Structure formats: structure tokens, C-alpha cells
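Visitor: Just so it is clear, I am handing over coords.txt, which has compact mmCIF, C-alpha atoms.
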```txt
# COMPACT_ATOMS: atom_id res chain seq x y z
CA MET A 1 -4.64 -24.63 -18.72
CA LYS A 2 -4.30 -22.31 -21.70
CA ASN A 3 -1.30 -20.21 -22.64
CA ASN A 4 -0.30 -17.64 -25.19
CA ILE A 5 3.39 -18.47 -25.51
CA ARG A 6 3.03 -18.64 -29.30
CA VAL A 7 1.76 -15.05 -29.42
CA GLU A 8 4.41 -13.82 -26.98
CA ARG A 9 7.10 -15.52 -29.04
CA ALA A 10 5.82 -13.84 -32.19
CA ILE A 11 5.91 -10.44 -30.46
CA LYS A 12 9.46 -11.03 -29.25
CA ASN A 13 10.35 -12.69 -32.55
CA ILE A 14 12.03 -15.79 -31.12
CA THR A 15 11.66 -19.43 -32.17
CA GLN A 16 10.74 -22.40 -29.97
CA ALA A 17 14.39 -23.42 -30.02
CA ASP A 18 15.51 -19.95 -28.86
CA LEU A 19 13.06 -20.00 -25.97
CA ALA A 20 14.10 -23.56 -25.08
CA ASP A 21 17.76 -22.48 -24.95
CA LEU A 22 16.96 -19.44 -22.83
CA ILE A 23 15.29 -21.50 -20.10
CA GLY A 24 17.32 -24.69 -20.44
CA VAL A 25 14.76 -27.23 -21.66
CA SER A 26 14.32 -29.14 -24.91
CA ARG A 27 12.42 -27.74 -27.88
CA GLN A 28 9.92 -30.59 -27.55
CA THR A 29 8.99 -29.34 -24.10
CA ILE A 30 8.21 -25.83 -25.39
CA ASN A 31 6.24 -27.38 -28.23
CA THR A 32 4.13 -29.58 -25.94
CA ILE A 33 3.47 -26.65 -23.58
CA GLU A 34 2.34 -24.47 -26.50
CA SER A 35 0.00 -27.14 -27.79
CA ASN A 36 -1.43 -27.74 -24.29
CA ARG A 37 -0.16 -31.30 -24.09
CA TYR A 38 2.07 -30.64 -21.10
CA VAL A 39 1.51 -28.46 -18.03
CA PRO A 40 4.84 -26.97 -16.90
CA SER A 41 5.95 -26.81 -13.28
CA THR A 42 5.73 -23.50 -11.44
CA VAL A 43 9.48 -23.02 -11.80
CA LEU A 44 9.33 -23.45 -15.57
CA ALA A 45 6.26 -21.19 -15.86
CA LEU A 46 8.08 -18.47 -13.90
CA LYS A 47 11.16 -18.84 -16.10
CA ILE A 48 9.04 -18.48 -19.25
CA ALA A 49 7.32 -15.41 -17.78
CA ARG A 50 10.72 -13.89 -16.98
CA VAL A 51 11.84 -14.27 -20.60
CA PHE A 52 8.75 -12.38 -21.80
CA GLU A 53 9.04 -9.87 -18.91
CA LYS A 54 5.39 -10.33 -17.97
CA PRO A 55 3.57 -11.76 -14.95
CA VAL A 56 2.76 -15.48 -15.16
CA GLU A 57 -1.00 -14.81 -15.28
CA GLU A 58 -0.63 -12.99 -18.57
CA ILE A 59 0.96 -16.00 -20.19
CA PHE A 60 -0.79 -18.93 -18.51
CA MET A 61 -4.48 -18.92 -17.65
CA LEU A 62 -6.90 -21.51 -16.29
CA ASP A 63 -9.59 -22.81 -18.62
CA ASP A 64 -13.02 -24.27 -17.86
CA LYS A 65 -11.72 -27.83 -17.44
CA ASP A 66 -9.31 -26.92 -14.62
CA MET B 1 15.91 -29.24 -13.37
CA LYS B 2 17.75 -31.44 -10.89
CA THR B 3 17.24 -35.15 -11.39
CA ARG B 4 18.38 -37.70 -8.88
CA PHE B 5 19.33 -41.34 -9.24
CA LEU B 6 20.17 -41.18 -12.96
CA PHE B 7 23.40 -42.18 -14.67
CA PRO B 8 25.20 -39.71 -16.96
CA TYR B 9 24.21 -39.59 -20.66
CA TRP B 10 27.21 -41.63 -21.88
CA CYS B 11 26.20 -44.59 -19.71
CA LYS B 12 23.41 -45.29 -22.20
CA PHE B 13 25.99 -46.22 -24.84
CA LEU B 14 27.89 -48.34 -22.34
CA GLY B 15 24.60 -50.09 -21.58
CA VAL B 16 23.87 -50.76 -25.25
CA GLY B 17 27.45 -52.08 -25.60
CA LEU B 18 27.08 -54.45 -22.65
CA PHE B 19 23.71 -55.68 -23.92
CA LEU B 20 25.10 -56.31 -27.42
CA VAL B 21 28.15 -58.12 -25.99
CA HIS B 22 25.85 -60.39 -24.03
CA LEU B 23 23.82 -61.50 -27.09
CA PRO B 24 26.46 -63.64 -28.90
CA VAL B 25 27.63 -65.06 -25.56
CA MET B 26 24.04 -65.99 -24.75
CA LEU B 27 23.61 -67.70 -28.15
CA LEU B 28 26.83 -69.61 -27.56
CA LYS B 29 25.48 -70.66 -24.20
CA LYS B 30 22.32 -72.00 -25.86
CA GLN B 31 24.40 -73.85 -28.47
CA LEU B 32 26.69 -75.45 -25.92
CA GLY B 33 23.81 -76.23 -23.60
CA PHE B 34 25.00 -74.67 -20.36
CA GLU B 35 22.02 -74.84 -18.07
CA GLY B 36 22.93 -73.66 -14.61
CA ALA B 37 24.69 -75.64 -11.93
CA PRO B 38 23.89 -79.32 -11.42
CA GLU B 39 22.29 -80.20 -8.10
CA GLY B 40 24.50 -80.55 -5.05
CA THR B 41 27.67 -78.96 -6.42
CA SER B 42 29.45 -75.91 -5.09
CA ILE B 43 27.94 -72.57 -6.07
CA PHE B 44 31.11 -71.37 -7.80
CA ASN B 45 31.42 -73.96 -10.56
CA SER B 46 32.03 -72.99 -14.21
CA ASN B 47 28.40 -73.26 -15.33
CA HIS B 48 27.20 -71.06 -12.59
CA LEU B 49 29.96 -68.51 -13.16
CA PHE B 50 29.12 -68.43 -16.86
CA PHE B 51 25.45 -67.87 -16.02
CA MET B 52 26.36 -65.14 -13.57
CA ILE B 53 28.58 -63.33 -16.08
CA THR B 54 26.07 -63.39 -18.95
CA THR B 55 23.12 -62.47 -16.75
CA LEU B 56 24.96 -59.71 -14.92
CA THR B 57 26.22 -58.26 -18.22
CA MET B 58 22.70 -58.20 -19.62
CA LEU B 59 21.12 -56.80 -16.46
CA SER B 60 23.68 -54.05 -15.93
CA GLY B 61 23.35 -53.17 -19.63
CA LEU B 62 19.58 -52.87 -19.37
CA VAL B 63 19.75 -50.88 -16.12
CA LEU B 64 22.22 -48.44 -17.69
CA ILE B 65 20.05 -48.03 -20.82
CA ALA B 66 16.92 -47.57 -18.73
CA PHE B 67 18.27 -45.12 -16.18
CA SER B 68 20.69 -42.88 -18.04
CA LYS B 69 19.95 -39.22 -18.55
CA GLU B 70 18.77 -37.99 -21.93
CA ARG B 71 20.87 -35.44 -23.81
CA ILE B 72 18.61 -32.66 -22.52
CA GLU B 73 17.05 -33.98 -19.34
CA ASP B 74 14.19 -31.63 -18.46
CA GLU B 75 11.03 -31.93 -16.41
CA GLN B 76 8.92 -33.20 -19.31
CA ILE B 77 11.36 -36.08 -19.88
CA THR B 78 11.15 -36.84 -16.15
CA GLN B 79 7.36 -36.92 -16.47
CA LEU B 80 7.54 -39.28 -19.48
CA ARG B 81 10.02 -41.46 -17.61
CA MET B 82 7.71 -41.75 -14.60
CA ASP B 83 4.65 -42.49 -16.76
CA SER B 84 6.52 -45.18 -18.69
CA LEU B 85 7.85 -46.73 -15.49
CA GLN B 86 4.37 -46.90 -13.99
CA LEU B 87 2.89 -48.41 -17.16
CA ALA B 88 5.75 -50.92 -17.42
CA ILE B 89 5.21 -52.10 -13.84
CA TYR B 90 1.45 -52.45 -14.41
CA LEU B 91 2.03 -54.34 -17.64
CA ASN B 92 4.62 -56.58 -16.02
CA TYR B 93 2.35 -57.52 -13.14
CA ILE B 94 -0.59 -58.19 -15.45
CA VAL B 95 1.59 -60.52 -17.52
CA LEU B 96 3.04 -62.09 -14.35
CA ILE B 97 -0.38 -62.71 -12.78
CA ILE B 98 -1.76 -64.19 -16.00
CA SER B 99 1.27 -66.42 -16.53
CA LEU B 100 1.22 -67.63 -12.92
CA ALA B 101 -2.50 -68.33 -13.14
CA PHE B 102 -2.19 -70.42 -16.30
CA THR B 103 0.97 -72.41 -15.59
CA ASN B 104 1.88 -75.04 -13.04
CA LYS B 105 4.55 -74.99 -10.36
CA ASN B 106 7.26 -76.39 -12.65
CA ASP B 107 7.28 -73.27 -14.81
CA PHE B 108 7.59 -70.94 -11.85
CA TRP B 109 11.38 -70.75 -12.04
CA ASP B 110 11.28 -69.89 -15.78
CA ILE B 111 8.67 -67.19 -15.22
CA MET B 112 10.75 -65.66 -12.44
CA ARG B 113 13.84 -65.77 -14.64
CA LEU B 114 11.97 -63.91 -17.38
CA ASN B 115 10.68 -61.49 -14.79
CA MET B 116 14.29 -60.54 -14.07
CA TRP B 117 14.54 -58.48 -17.26
CA VAL B 118 11.00 -58.15 -18.68
CA PRO B 119 9.98 -55.10 -16.55
CA LEU B 120 13.14 -53.24 -17.61
CA MET B 121 12.53 -54.15 -21.23
CA PHE B 122 8.89 -52.99 -21.04
CA PHE B 123 10.06 -49.74 -19.49
CA ILE B 124 12.76 -49.09 -22.10
CA LEU B 125 10.41 -49.80 -25.00
CA LEU B 126 7.57 -47.69 -23.59
CA PHE B 127 9.87 -44.77 -22.77
CA ARG B 128 11.52 -44.83 -26.20
CA TRP B 129 8.11 -45.01 -27.87
CA LYS B 130 6.84 -42.03 -25.88
CA LEU B 131 9.97 -40.03 -26.74
CA TYR B 132 9.60 -40.94 -30.42
CA ARG B 133 5.93 -39.89 -30.42
CA ASN B 134 6.84 -36.64 -28.68
CA ASN B 135 9.50 -35.85 -31.29
CA ARG B 136 7.15 -36.70 -34.13
CA PHE B 137 4.48 -34.31 -32.84
CA THR B 138 7.11 -31.59 -32.61
CA LYS B 139 8.31 -32.22 -36.15
CA GLU B 140 4.74 -32.08 -37.48
CA ASP B 141 4.33 -28.76 -35.72
CA GLU B 142 7.59 -27.32 -37.07
CA ILE B 143 7.81 -23.54 -37.16
```
Transcribe the structure of this file into C-alpha cells.
Guide:
Amino acid sequence: MKNNIRVERAIKNITQADLADLIGVSRQTINTIESNRYVPSTVLALKIARVFEKPVEEIFMLDDKD
Amino acid sequence: MKTRFLFPYWCKFLGVGLFLVHLPVMLLKKQLGFEGAPEGTSIFNSNHLFFMITTLTMLSGLVLIAFSKERIEDEQITQLRMDSLQLAIYLNYIVLIISLAFTNKNDFWDIMRLNMWVPLMFFILLFRWKLYRNNRFTKEDEI
């Protein structure tokens, strides 16, 4: 699964730590999601989408391996 | 993220404390040569009580270290915890099977006694290593 959290964060101008605080996880979790090492649960994906005020599909998308 | 069956964060320090307290007592036990209860005596004699106290201190310490929450307990930590637990159990049973295959009946009791704390120790070490690796990746990727 791919995601463009890094881009969305740059647009909103918030750091990984800010995003982590907003959704109540550790900064490591945001980092591993961004670098595609961890696939978040649906709840977490929805929370991230809510922060960026966009639908989940615009932030997370399936890639060829999925 | 709701996590069940975990002790609060501060229990980890209590666990480390209990484990550290047990170490000098255990060394003393080795020095003085307490080795369980002699055959045919009552279960509550001093040797057995001493064994119970040291072993229970160590085991409760390890359980508290292993199953306390992290400072920020989120779903990724839960995932790492589950992975480490699974690996630790696999590793433990591989070691157990090998050691049972290559020893005779007399060593069985010693192997079982080791088996009392080895899985927990495997789990703690694996989990800590995974957390350390996770933190290191994050630091390398600092923004």
C-alpha cells in the first residue's frame, strides 16, 4: 500500500510529531507508515484522513503488490 | 487504541526492580548451596521457601517487564509485541526440542526449570530489539 502522507504534511506544514500528537500515536508509527514499513488499521487511516480533511483514498492507495 | 491484558507503564520499573533484587539473592543461594528440598520432607521447609521466594520474585519481575505498556502504546507497538511473542515462542520450542532430543532423562528437570523463564527472556529481548531498530530507523529519517 502506498501513501502520500509526506506530501499532505508538507501542504499542511506539520511535522511527523505534530501529526502523531493529533491522532494519539507515537512519532515512530507515523514514520513507519510514511516509509511503507507499517500498514495502519482502518481506524488509524480514517483518523489520518480526518486530519488532512480528505477521503482515505486520496491519502492511501493500493499498489501492484497488494 | 485500547489494549487489554497489559500492566500500566510504571509496572515495568517495578519489574526491573524485582529482577535486580533477585540477582544478589540468587548468587547468595549459589554460594550457600541451597538446592531445593531434600527428599521426603514437608513442602514448606526453609530451602523450599527460599527457592519459592527467589523464583517468584524473578518470574513476577520478568512478567511485569514483558507485559507492561509502553509510554505511548499504539497499534504498531501492539503489532511488534505480537510478532516478538510469536518469534519467542517459536525460538523457545526449537531450543526445547533440540535440548530434549540431545539430553537424557536426568537433565529433564533442569531443562524444564530453564524453560520457566527462557521464553519470557526471549520475548523481552526480541521486543526491545525491535523497538530499538524501529527508533533507529526513525532517527535516520529525521525531518
Visitor: If we draw a sphere of 12 Å around (9.0, -16.2, -16.3), which residues have at least one atom in it when counting all atoms listed in the file? Please report them as a VMD selection string.
Guide: chain A and resid 5 8 19 22 to 23 40 to 60
Visitor: Starting from the point (10.7, -31.2, -25.9), work out which residues of protein, DNA or RNA have an atom no more than 9 Å away when counting only C-alpha atoms; state them as an MDAnalysis selection string.
Guide: (chainID A and resid 20 25:33) or (chainID B and resid 72 74 76:77 131 134:135 138)
Visitor: Export, as a short mmCIF file (atom, residue, chain, number, x, y, z; two decimals), in the frame of the given file, the selected residues with C-alpha atoms.
Guide:
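So selection_37.cif came out as:
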```cif
data_model
loop_
_atom_site.label_atom_id
_atom_site.label_comp_id
_atom_site.auth_asym_id
_atom_site.auth_seq_id
_atom_site.Cartn_x
_atom_site.Cartn_y
_atom_site.Cartn_z
CA ALA A 20 14.10 -23.56 -25.08
CA VAL A 25 14.76 -27.23 -21.66
CA SER A 26 14.32 -29.14 -24.91
CA ARG A 27 12.42 -27.74 -27.88
CA GLN A 28 9.92 -30.59 -27.55
CA THR A 29 8.99 -29.34 -24.10
CA ILE A 30 8.21 -25.83 -25.39
CA ASN A 31 6.24 -27.38 -28.23
CA THR A 32 4.13 -29.58 -25.94
CA ILE A 33 3.47 -26.65 -23.58
CA ILE B 72 18.61 -32.66 -22.52
CA ASP B 74 14.19 -31.63 -18.46
CA GLN B 76 8.92 -33.20 -19.31
CA ILE B 77 11.36 -36.08 -19.88
CA LEU B 131 9.97 -40.03 -26.74
CA ASN B 134 6.84 -36.64 -28.68
CA ASN B 135 9.50 -35.85 -31.29
CA THR B 138 7.11 -31.59 -32.61
#
```
Visitor: Give as a list in words every residue of chain B that touches chain A within 12 Å, counting all atoms listed in the file.
Guide: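 Residues satisfying the distance criterion: Met1, Lys2, Glu70, Arg71, Ile72, Glu73, Asp74, Glu75, Gln76, Ile77, Thr78, Gln79, Leu80, Lys130, Leu131, Tyr132, Arg133, Asn134, Asn135, Arg136, Phe137, Thr138, Lys139, Glu140, Asp141, Glu142 and Ile143 of chain B.
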Visitor: Could you tell me how far CA of Leu96 (chain B) sits from CA of Ile111 (chain B), in Å to one decimal place?
Guide: 7.6 Å
Visitor: Which residues, written as a compact mmCIF listing (two decimals) with C-alpha atoms, keeping the file's coordinate frame, have at least one atom at most 10 Å from region 18-33 of chain B, with only C-alpha atoms counted and residues fewer than 2 positions away on the same chain left out?
Guide:
```txt
# COMPACT_ATOMS: atom_id res chain seq x y z
CA LYS B 12 23.41 -45.29 -22.20
CA PHE B 13 25.99 -46.22 -24.84
CA LEU B 14 27.89 -48.34 -22.34
CA GLY B 15 24.60 -50.09 -21.58
CA VAL B 16 23.87 -50.76 -25.25
CA GLU B 35 22.02 -74.84 -18.07
CA GLY B 36 22.93 -73.66 -14.61
CA ASN B 47 28.40 -73.26 -15.33
CA PHE B 50 29.12 -68.43 -16.86
CA PHE B 51 25.45 -67.87 -16.02
CA ILE B 53 28.58 -63.33 -16.08
CA THR B 54 26.07 -63.39 -18.95
CA THR B 55 23.12 -62.47 -16.75
CA LEU B 56 24.96 -59.71 -14.92
CA THR B 57 26.22 -58.26 -18.22
CA MET B 58 22.70 -58.20 -19.62
CA LEU B 59 21.12 -56.80 -16.46
CA SER B 60 23.68 -54.05 -15.93
CA GLY B 61 23.35 -53.17 -19.63
CA LEU B 62 19.58 -52.87 -19.37
CA VAL B 63 19.75 -50.88 -16.12
CA LEU B 64 22.22 -48.44 -17.69
CA ILE B 65 20.05 -48.03 -20.82
```
Visitor: Please, could N, CA and C atoms be added to region 89-111 of chain B and the result written as a PDB file, in the coordinates of the input?
Guide:
```
ATOM      1  N   ILE B  89       5.431 -51.269 -15.032  1.00  0.00           N
ATOM      2  CA  ILE B  89       5.210 -52.100 -13.840  1.00  0.00           C
ATOM      3  C   ILE B  89       3.808 -52.718 -13.884  1.00  0.00           C
ATOM      4  N   TYR B  90       2.816 -51.926 -14.250  1.00  0.00           N
ATOM      5  CA  TYR B  90       1.450 -52.450 -14.410  1.00  0.00           C
ATOM      6  C   TYR B  90       1.444 -53.619 -15.390  1.00  0.00           C
ATOM      7  N   LEU B  91       2.011 -53.359 -16.566  1.00  0.00           N
ATOM      8  CA  LEU B  91       2.030 -54.340 -17.640  1.00  0.00           C
ATOM      9  C   LEU B  91       2.724 -55.624 -17.175  1.00  0.00           C
ATOM     10  N   ASN B  92       3.858 -55.440 -16.491  1.00  0.00           N
ATOM     11  CA  ASN B  92       4.620 -56.580 -16.020  1.00  0.00           C
ATOM     12  C   ASN B  92       3.802 -57.424 -15.054  1.00  0.00           C
ATOM     13  N   TYR B  93       3.108 -56.754 -14.126  1.00  0.00           N
ATOM     14  CA  TYR B  93       2.350 -57.520 -13.140  1.00  0.00           C
ATOM     15  C   TYR B  93       1.125 -58.180 -13.748  1.00  0.00           C
ATOM     16  N   ILE B  94       0.526 -57.544 -14.757  1.00  0.00           N
ATOM     17  CA  ILE B  94      -0.590 -58.190 -15.450  1.00  0.00           C
ATOM     18  C   ILE B  94      -0.097 -59.475 -16.108  1.00  0.00           C
ATOM     19  N   VAL B  95       1.026 -59.347 -16.845  1.00  0.00           N
ATOM     20  CA  VAL B  95       1.590 -60.520 -17.520  1.00  0.00           C
ATOM     21  C   VAL B  95       1.984 -61.592 -16.493  1.00  0.00           C
ATOM     22  N   LEU B  96       2.585 -61.151 -15.390  1.00  0.00           N
ATOM     23  CA  LEU B  96       3.040 -62.090 -14.350  1.00  0.00           C
ATOM     24  C   LEU B  96       1.856 -62.829 -13.736  1.00  0.00           C
ATOM     25  N   ILE B  97       0.804 -62.093 -13.400  1.00  0.00           N
ATOM     26  CA  ILE B  97      -0.380 -62.710 -12.780  1.00  0.00           C
ATOM     27  C   ILE B  97      -1.013 -63.710 -13.745  1.00  0.00           C
ATOM     28  N   ILE B  98      -1.156 -63.283 -15.019  1.00  0.00           N
ATOM     29  CA  ILE B  98      -1.760 -64.190 -16.000  1.00  0.00           C
ATOM     30  C   ILE B  98      -0.905 -65.439 -16.164  1.00  0.00           C
ATOM     31  N   SER B  99       0.422 -65.241 -16.282  1.00  0.00           N
ATOM     32  CA  SER B  99       1.270 -66.420 -16.530  1.00  0.00           C
ATOM     33  C   SER B  99       1.301 -67.327 -15.311  1.00  0.00           C
ATOM     34  N   LEU B 100       1.236 -66.775 -14.108  1.00  0.00           N
ATOM     35  CA  LEU B 100       1.220 -67.630 -12.920  1.00  0.00           C
ATOM     36  C   LEU B 100      -0.106 -68.375 -12.803  1.00  0.00           C
ATOM     37  N   ALA B 101      -1.184 -67.699 -13.242  1.00  0.00           N
ATOM     38  CA  ALA B 101      -2.500 -68.330 -13.140  1.00  0.00           C
ATOM     39  C   ALA B 101      -2.639 -69.505 -14.107  1.00  0.00           C
ATOM     40  N   PHE B 102      -1.983 -69.397 -15.271  1.00  0.00           N
ATOM     41  CA  PHE B 102      -2.190 -70.420 -16.300  1.00  0.00           C
ATOM     42  C   PHE B 102      -1.013 -71.384 -16.477  1.00  0.00           C
ATOM     43  N   THR B 103      -0.132 -71.432 -15.490  1.00  0.00           N
ATOM     44  CA  THR B 103       0.970 -72.410 -15.590  1.00  0.00           C
ATOM     45  C   THR B 103       1.030 -73.193 -14.285  1.00  0.00           C
ATOM     46  N   ASN B 104       1.765 -74.305 -14.308  1.00  0.00           N
ATOM     47  CA  ASN B 104       1.880 -75.040 -13.040  1.00  0.00           C
ATOM     48  C   ASN B 104       3.201 -74.714 -12.351  1.00  0.00           C
ATOM     49  N   LYS B 105       3.429 -75.346 -11.227  1.00  0.00           N
ATOM     50  CA  LYS B 105       4.550 -74.990 -10.360  1.00  0.00           C
ATOM     51  C   LYS B 105       5.901 -75.154 -11.056  1.00  0.00           C
ATOM     52  N   ASN B 106       5.974 -76.111 -12.006  1.00  0.00           N
ATOM     53  CA  ASN B 106       7.260 -76.390 -12.650  1.00  0.00           C
ATOM     54  C   ASN B 106       7.785 -75.219 -13.464  1.00  0.00           C
ATOM     55  N   ASP B 107       6.857 -74.402 -13.981  1.00  0.00           N
ATOM     56  CA  ASP B 107       7.280 -73.270 -14.810  1.00  0.00           C
ATOM     57  C   ASP B 107       7.621 -72.033 -13.994  1.00  0.00           C
ATOM     58  N   PHE B 108       7.406 -72.120 -12.698  1.00  0.00           N
ATOM     59  CA  PHE B 108       7.590 -70.940 -11.850  1.00  0.00           C
ATOM     60  C   PHE B 108       8.988 -70.341 -11.977  1.00  0.00           C
ATOM     61  N   TRP B 109       9.984 -71.201 -11.973  1.00  0.00           N
ATOM     62  CA  TRP B 109      11.380 -70.750 -12.040  1.00  0.00           C
ATOM     63  C   TRP B 109      11.648 -69.996 -13.365  1.00  0.00           C
ATOM     64  N   ASP B 110      11.103 -70.545 -14.474  1.00  0.00           N
ATOM     65  CA  ASP B 110      11.280 -69.890 -15.780  1.00  0.00           C
ATOM     66  C   ASP B 110      10.605 -68.527 -15.791  1.00  0.00           C
ATOM     67  N   ILE B 111       9.406 -68.463 -15.233  1.00  0.00           N
ATOM     68  CA  ILE B 111       8.670 -67.190 -15.220  1.00  0.00           C
ATOM     69  C   ILE B 111       9.450 -66.156 -14.405  1.00  0.00           C
TER      70      ILE B 111
END
```
